[in-house]
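**Student:** The following file, coords_39.txt, comprises compact mmCIF, C-alpha atoms and all ligand atoms:
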# COMPACT_ATOMS: atom_id res chain seq x y z
CA MET B 629 54.67 35.78 -72.61
CA THR B 630 51.02 35.70 -73.69
CA LYS B 631 48.56 36.16 -70.89
CA PRO B 632 46.33 33.07 -70.63
CA THR B 633 42.74 33.73 -71.60
CA GLY B 634 39.80 31.39 -71.28
CA THR B 635 38.61 28.88 -68.75
CA VAL B 636 40.97 26.69 -66.82
CA ARG B 637 39.66 23.43 -65.40
CA ILE B 638 41.24 22.19 -62.19
CA ALA B 639 40.76 18.55 -61.18
CA ALA B 640 41.37 18.02 -57.47
CA VAL B 641 41.69 14.83 -55.45
CA GLY B 642 43.51 13.79 -52.29
CA ASP B 643 44.05 10.81 -50.02
CA ILE B 644 45.11 8.33 -52.65
CA HIS B 645 47.10 6.49 -49.94
CA LEU B 646 49.10 4.57 -52.47
CA GLY B 647 50.67 1.70 -50.56
CA GLY B 648 51.14 -2.03 -50.53
CA LYS B 649 48.28 -2.73 -52.92
CA GLY B 650 50.11 -0.91 -55.70
CA LEU B 651 48.51 0.50 -58.80
CA GLU B 652 45.02 -0.91 -58.63
CA PRO B 653 42.66 -0.47 -61.60
CA PRO B 654 40.54 2.28 -59.94
CA LEU B 655 43.66 4.41 -59.50
CA GLN B 656 44.89 3.75 -63.03
CA MET B 657 41.46 4.72 -64.31
CA LEU B 658 41.38 7.87 -62.18
CA PHE B 659 44.62 9.27 -63.54
CA SER B 660 43.91 8.17 -67.10
CA GLN B 661 40.74 10.31 -67.04
CA VAL B 662 42.27 13.48 -65.61
CA SER B 663 43.85 14.85 -68.77
CA GLU B 664 40.60 14.44 -70.65
CA HIS B 665 38.58 16.46 -68.15
CA ALA B 666 41.00 19.05 -66.77
CA ASP B 667 43.88 21.40 -67.56
CA ILE B 668 45.56 21.08 -64.14
CA LEU B 669 45.64 18.27 -61.58
CA ALA B 670 45.74 19.35 -57.91
CA LEU B 671 46.62 16.71 -55.31
CA CYS B 672 45.65 17.32 -51.68
CA GLY B 673 48.03 15.14 -49.71
CA ASP B 674 48.24 11.59 -48.37
CA LEU B 675 49.51 10.61 -51.77
CA THR B 676 51.29 7.69 -50.13
CA ASP B 677 50.10 5.49 -47.28
CA ARG B 678 53.22 5.55 -45.10
CA GLY B 679 55.49 8.12 -46.67
CA ASP B 680 57.78 5.38 -47.99
CA PRO B 681 59.84 6.63 -50.97
CA GLU B 682 58.97 3.38 -52.76
CA GLU B 683 55.32 4.35 -52.52
CA ALA B 684 56.21 7.78 -53.89
CA ARG B 685 57.97 6.10 -56.82
CA LEU B 686 54.80 4.10 -57.49
CA MET B 687 52.82 7.33 -57.37
CA ALA B 688 55.23 8.97 -59.79
CA LYS B 689 54.74 6.02 -62.15
CA ALA B 690 50.95 6.33 -61.86
CA LEU B 691 51.11 10.05 -62.57
CA ALA B 692 53.10 9.47 -65.75
CA THR B 693 49.80 8.99 -67.57
CA VAL B 694 48.72 12.53 -66.66
CA THR B 695 49.64 14.98 -69.41
CA VAL B 696 48.51 18.20 -67.66
CA PRO B 697 50.55 20.11 -65.03
CA ILE B 698 50.35 18.67 -61.51
CA VAL B 699 50.50 20.66 -58.28
CA ALA B 700 50.40 19.03 -54.85
CA VAL B 701 50.69 19.34 -51.12
CA LEU B 702 51.67 16.44 -48.89
CA GLY B 703 49.57 14.99 -46.07
CA ASN B 704 50.27 13.54 -42.65
CA HIS B 705 50.64 10.02 -44.09
CA ASP B 706 53.42 11.26 -46.36
CA TYR B 707 55.38 12.09 -43.19
CA GLU B 708 54.99 8.74 -41.43
CA CYS B 709 58.35 7.16 -42.41
CA GLY B 710 60.29 10.33 -41.66
CA LYS B 711 61.47 10.51 -45.27
CA VAL B 712 59.47 13.48 -46.45
CA SER B 713 62.45 15.05 -48.24
CA GLU B 714 62.93 11.94 -50.34
CA VAL B 715 59.20 11.63 -51.03
CA THR B 716 59.17 15.27 -52.14
CA ARG B 717 62.21 14.76 -54.35
CA VAL B 718 60.74 11.68 -56.06
CA LEU B 719 57.53 13.53 -56.82
CA SER B 720 59.35 16.69 -57.92
CA ASP B 721 61.57 14.65 -60.25
CA ALA B 722 58.36 13.32 -61.79
CA GLY B 723 57.28 16.87 -62.57
CA VAL B 724 54.92 17.41 -59.64
CA ARG B 725 55.09 20.90 -58.14
CA VAL B 726 55.06 20.09 -54.43
CA LEU B 727 54.02 23.12 -52.39
CA ASP B 728 54.93 23.57 -48.72
CA GLY B 729 54.27 27.19 -47.95
CA ASP B 730 55.01 28.02 -51.57
CA ALA B 731 53.18 29.95 -54.25
CA ASP B 732 53.09 28.83 -57.86
CA GLU B 733 51.35 29.87 -61.04
CA LEU B 734 49.91 27.47 -63.59
CA LEU B 735 47.99 28.58 -66.69
CA GLY B 736 47.24 31.95 -65.09
CA ILE B 737 45.96 30.45 -61.82
CA GLY B 738 47.84 31.14 -58.59
CA PHE B 739 48.23 28.24 -56.16
CA ALA B 740 49.20 28.60 -52.51
CA GLY B 741 49.83 25.25 -50.89
CA VAL B 742 50.48 24.01 -47.40
CA LYS B 743 49.82 20.76 -45.55
CA GLY B 744 48.16 22.48 -42.62
CA PHE B 745 47.71 20.88 -39.22
CA ALA B 746 45.20 19.85 -36.61
CA GLY B 747 43.85 21.64 -33.54
CA GLY B 748 40.13 22.10 -34.02
CA PHE B 749 37.73 24.84 -34.90
CA GLY B 750 35.99 27.83 -33.35
CA ARG B 751 35.51 27.74 -29.60
CA GLY B 752 36.85 24.20 -29.55
CA ALA B 753 40.23 25.11 -30.99
CA LEU B 754 43.16 24.14 -28.82
CA GLY B 755 44.88 27.19 -27.32
CA PRO B 756 48.56 27.69 -26.48
CA TRP B 757 48.27 27.33 -22.73
CA GLY B 758 49.84 25.08 -20.10
CA GLU B 759 52.41 22.42 -20.86
CA PRO B 760 55.17 23.09 -23.39
CA LEU B 761 53.96 20.20 -25.56
CA ILE B 762 50.51 21.77 -25.87
CA LYS B 763 52.10 25.07 -26.86
CA GLN B 764 54.30 23.26 -29.38
CA PHE B 765 51.26 21.55 -30.90
CA VAL B 766 49.42 24.85 -31.28
CA ARG B 767 52.58 26.49 -32.58
CA GLU B 768 52.66 23.97 -35.43
CA ALA B 769 49.11 24.94 -36.48
CA VAL B 770 49.97 28.64 -36.25
CA ASP B 771 53.15 28.12 -38.29
CA GLU B 772 51.25 26.30 -41.02
CA ALA B 773 48.70 29.13 -41.14
CA LEU B 774 51.54 31.65 -41.40
CA LYS B 775 53.11 29.65 -44.23
CA LEU B 776 49.78 29.73 -46.03
CA GLU B 777 49.50 33.48 -45.49
CA THR B 778 53.02 34.06 -46.84
CA ALA B 779 52.30 31.96 -49.92
CA LEU B 780 49.01 33.74 -50.57
CA SER B 781 50.67 37.15 -50.21
CA ARG B 782 53.08 36.25 -53.01
CA LEU B 783 50.39 35.46 -55.56
CA ARG B 784 49.89 38.12 -58.21
CA THR B 785 47.33 36.29 -60.33
CA GLU B 786 43.71 37.32 -60.66
CA ARG B 787 42.51 33.82 -59.76
CA LYS B 788 43.80 32.13 -56.64
CA VAL B 789 43.49 28.64 -55.22
CA ALA B 790 44.42 27.42 -51.73
CA LEU B 791 45.58 23.82 -51.62
CA LEU B 792 45.58 22.11 -48.21
CA HIS B 793 45.55 18.66 -46.69
CA TYR B 794 43.87 19.49 -43.36
CA SER B 795 40.52 21.27 -43.40
CA PRO B 796 40.33 25.00 -42.63
CA ILE B 797 36.64 24.82 -41.68
CA VAL B 798 34.43 22.55 -39.64
CA GLY B 799 31.84 22.43 -42.45
CA THR B 800 33.70 19.86 -44.51
CA VAL B 801 34.51 17.53 -41.63
CA LEU B 802 30.84 17.14 -40.69
CA GLY B 803 29.95 13.49 -41.05
CA GLU B 804 33.08 12.34 -39.24
CA PRO B 805 32.74 11.32 -35.56
CA PRO B 806 32.64 14.63 -33.61
CA GLU B 807 35.32 13.27 -31.25
CA ILE B 808 37.92 13.48 -34.03
CA TYR B 809 37.05 16.91 -35.47
CA PRO B 810 40.08 18.49 -33.75
CA TYR B 811 42.39 16.06 -35.59
CA LEU B 812 40.94 16.83 -39.00
CA GLY B 813 41.88 20.46 -39.34
CA SER B 814 42.35 23.84 -37.81
CA GLY B 815 40.30 27.01 -38.02
CA ARG B 816 43.61 28.88 -37.91
CA LEU B 817 44.01 27.92 -41.58
CA GLU B 818 40.92 29.94 -42.45
CA GLU B 819 42.32 33.21 -41.09
CA PRO B 820 44.83 33.89 -43.95
CA LEU B 821 42.00 33.38 -46.43
CA THR B 822 40.20 36.42 -45.01
CA ARG B 823 43.26 38.63 -45.56
CA TYR B 824 44.12 37.17 -48.97
CA PRO B 825 40.87 36.00 -50.58
CA VAL B 826 40.93 33.02 -52.89
CA ASP B 827 38.43 31.70 -55.41
CA VAL B 828 38.36 28.16 -54.10
CA VAL B 829 39.91 25.96 -51.42
CA PHE B 830 40.63 22.25 -51.83
CA HIS B 831 41.57 19.92 -48.99
CA GLY B 832 41.53 16.24 -48.08
CA HIS B 833 42.15 14.26 -44.87
CA ALA B 834 38.49 13.99 -43.76
CA HIS B 835 37.66 10.75 -45.55
CA HIS B 836 34.15 10.66 -44.10
CA GLY B 837 33.45 14.37 -44.03
CA ALA B 838 31.21 16.58 -46.14
CA ILE B 839 31.93 17.17 -49.79
CA GLU B 840 31.51 20.92 -49.72
CA GLY B 841 31.44 23.86 -47.32
CA ARG B 842 31.97 27.59 -47.24
CA ALA B 843 34.74 29.61 -45.64
CA ARG B 844 34.25 33.19 -44.49
CA GLY B 845 33.46 35.42 -47.45
CA ASP B 846 31.38 32.64 -49.00
CA VAL B 847 34.48 31.00 -50.45
CA PRO B 848 33.78 27.45 -51.65
CA VAL B 849 35.73 24.77 -49.82
CA TYR B 850 35.84 21.30 -51.36
CA ASN B 851 36.81 18.19 -49.48
CA VAL B 852 38.34 16.09 -52.26
CA SER B 853 39.24 12.96 -50.35
CA TRP B 854 39.26 10.21 -52.94
CA MET B 855 37.17 7.85 -50.81
CA LEU B 856 34.57 10.53 -50.20
CA LEU B 857 34.38 11.40 -53.90
CA GLN B 858 34.06 7.73 -54.83
CA ARG B 859 31.20 7.25 -52.36
CA THR B 860 29.42 10.48 -53.25
CA PHE B 861 29.73 10.24 -57.03
CA PRO B 862 29.98 6.50 -57.80
CA ASN B 863 29.17 6.93 -61.47
CA ARG B 864 31.67 9.54 -62.50
CA PRO B 865 35.42 10.16 -62.28
CA ALA B 866 36.42 10.54 -58.64
CA PHE B 867 37.96 13.99 -58.79
CA ARG B 868 36.34 17.38 -58.34
CA VAL B 869 36.58 19.64 -61.36
CA VAL B 870 36.31 23.39 -60.89
CA GLU B 871 36.40 25.86 -63.74
CA LEU B 872 38.00 29.25 -63.28
CA PRO B 873 37.91 31.99 -65.92
CA VAL B 874 41.25 33.64 -66.57
CA GLY B 875 42.28 36.60 -68.67
CA ASP B 876 40.32 39.63 -69.80
CA HIS B 877 37.72 37.81 -71.85
CA PRO B 878 36.72 34.55 -70.23
CA VAL B 879 35.38 32.00 -72.66
CA GLU B 880 31.96 30.77 -71.65
CA LYS B 881 31.63 27.16 -72.64
CA PRO B 882 28.88 24.63 -71.99
CA LEU B 883 29.48 22.16 -69.22
CA ASP B 884 29.83 18.77 -70.79
CA MET B 885 30.58 16.76 -67.71
CA PRO B 886 28.52 16.13 -64.60
CA GLY B 887 30.43 17.20 -61.53
CA VAL B 888 32.09 20.20 -63.09
CA THR B 889 31.70 23.16 -60.80
CA PRO B 890 31.84 26.49 -62.61
CA LEU B 891 32.87 29.42 -60.46
CA ARG B 892 31.85 32.12 -62.86
CA ARG B 893 30.52 34.27 -60.04
CA VAL B 894 34.12 35.11 -59.25
CA THR B 895 34.29 37.15 -62.43
CA ASP B 896 32.07 39.64 -60.66
CA ARG B 897 34.15 39.95 -57.53
CA PRO B 898 35.55 43.46 -57.41
CA GLY B 899 39.27 43.66 -56.94
CA ALA B 900 39.73 39.90 -57.02
FE FE M 1001 44.02 10.47 -45.79
FE FE M 1002 45.51 12.71 -43.77
Go ahead and express the file in the form of structure tokens.
**Tutor:**
Amino acid sequence: MTKPTGTVRIAAVGDIHLGGKGLEPPLQMLFSQVSEHADILALCGDLTDRGDPEEARLMAKALATVTVPIVAVLGNHDYECGKVSEVTRVLSDAGVRVLDGDADELLGIGFAGVKGFAGGFGRGALGPWGEPLIKQFVREAVDEALKLETALSRLRTERKVALLHYSPIVGTVLGEPPEIYPYLGSGRLEEPLTRYPVDVVFHGHAHHGAIEGRARGDVPVYNVSWMLLQRTFPNRPAFRVVELPVGDHPVEKPLDMPGVTPLRRVTDRPGA
């Protein structure tokens, strides 16, 4: 197989929350623009509003207009009805690569995807102490971080992307009420990224958070919640596009679209 060479554009968006309102024009427009601006679509969870398989079928129908490969993680809303297996199957049948602790390669880019979990950040992170339910809660966050680490360890590509629903850093939840920071992500998700460095992290869930932050190692972290993107960039397509060079001779091309984030500095990272 020929090794991909050039620049791969990844469009990322999350928190579509497709529910009772159906396929509204903004959503139809969003997906109709993806294939024009990107080579891969990455979806960061909360694709449905309640995790109802009917909503997933609507999402699959909406995604039929996308002609580029689609990779996704699910979000907490996709679990609400308790039918996550069926939601996953509907999306998979529509060609979406749904990652849950899995690693996948698309166009020379490695993707490690996991939903993640809550629990807070830094000194405020919930610890596994006291009642069994508290320990179980923390265990869930630890397990998600371990799933991410396992997926990252399997990637053999030069360029790597971590796809999450919950935030791994506090930086991209800033702007939300501080009282709910612990429900928006977990710093435990950042730890695997220090052992297995990635070029970029995408997540959703923090609808009112900050658009961009940095994980340890100066790794860019983008909060791609659809609502946040719509508010921040009202005059352009509401997905974040990141360019990653792949292959031995990356093609430098002019940026023809506002909002495209080139990550050419990664070409200089030794051993990446
Ligand atoms: Fe959401
Ligand atoms: Fe969410």
**Student:** Residues contacting ligand FE 1002 (chain M) - anything with an atom at most 6 Å away, using all atoms listed in the file - can you give me those as number ranges by chain?
**Tutor:** B: 674, 703-705, 833
**Student:** Set the distance at 10 Å and use all atoms listed in the file: which residues neighbour B:Gly647 once local chain neighbours fewer than 2 positions away are removed? I'd like the list as JSON, numbers by chain.
**Tutor:** {"B": [644, 645, 649, 650, 651, 675, 676, 677, 678, 679, 680, 682, 683, 684, 686, 687]}
**Student:** Just checking: using only C-alpha atoms, which residue out of B:Thr822, B:Thr785, B:Asn851, B:Ser660 ends up closest to B:Gly799?
**Tutor:** B:Asn851
**Student:** Tell me, as a list in words, which residues lie within 8 Å of B:Gly832, counting all atoms listed in the file; anything in the same chain fewer than 2 positions away does not count.
**Tutor:**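 Close residues of B:Gly832: Val641, Gly642, Asp643, Cys672, Gly673, Leu792, His793, Tyr794, Ser795, Phe830, Ala834, His835, Asn851, Val852 and Ser853 of chain B.
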**Student:** Quick one: pull the distance between atom CA of B:Val699 and atom CA of B:Ile668, Å, one decimal.
**Tutor:**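 Atom CA of B:Ile668 lies 7.7 Å from atom CA of B:Val699.
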**Student:** Distance atom CA of B:Leu872-atom CA of B:Leu734, one decimal place?
**Tutor:** 12.0 Å
**Student:** Give the answer as one residue: which of B:Pro865, B:Pro760, B:Gly837, B:Gly741 has the shortest atom-to-atom distance to ligand FE 1001 (chain M), using all atoms listed in the file?
**Tutor:**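 Nearest candidate to ligand FE 1001 (chain M) out of B:Pro865, B:Pro760, B:Gly837, B:Gly741: B:Gly837.
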**Student:** Measure the distance from atom CA of B:Arg823 to atom CA of B:Val726 in Å and round it to one decimal.
**Tutor:** 23.7 Å
**Student:** Nearest to B:Thr800 among B:Leu812, B:Lys763, B:Asp771, B:Glu840, with distances taken over all atoms listed in the file: which residue is it?
**Tutor:**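 Of B:Leu812, B:Lys763, B:Asp771, B:Glu840, the one nearest B:Thr800 is B:Glu840, counting all atoms listed in the file.
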**Student:** Using only C-alpha atoms and all ligand atoms, pick whichever of B:Leu646, B:Ala690, B:Ile762, B:Leu658 has the shortest atom-to-atom distance to ligand FE 1001 (chain M).
**Tutor:**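 So, comparing all the options, the nearest one is B:Leu646.
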**Student:** For ligand FE 1001 (chain M), which residue out of B:Val829, B:Leu761, B:Leu691, B:Leu671 is the nearest one, using all atoms listed in the file?
**Tutor:**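 Looking only at the distances to ligand FE 1001 (chain M), the closest residue turns out to be B:Leu671.
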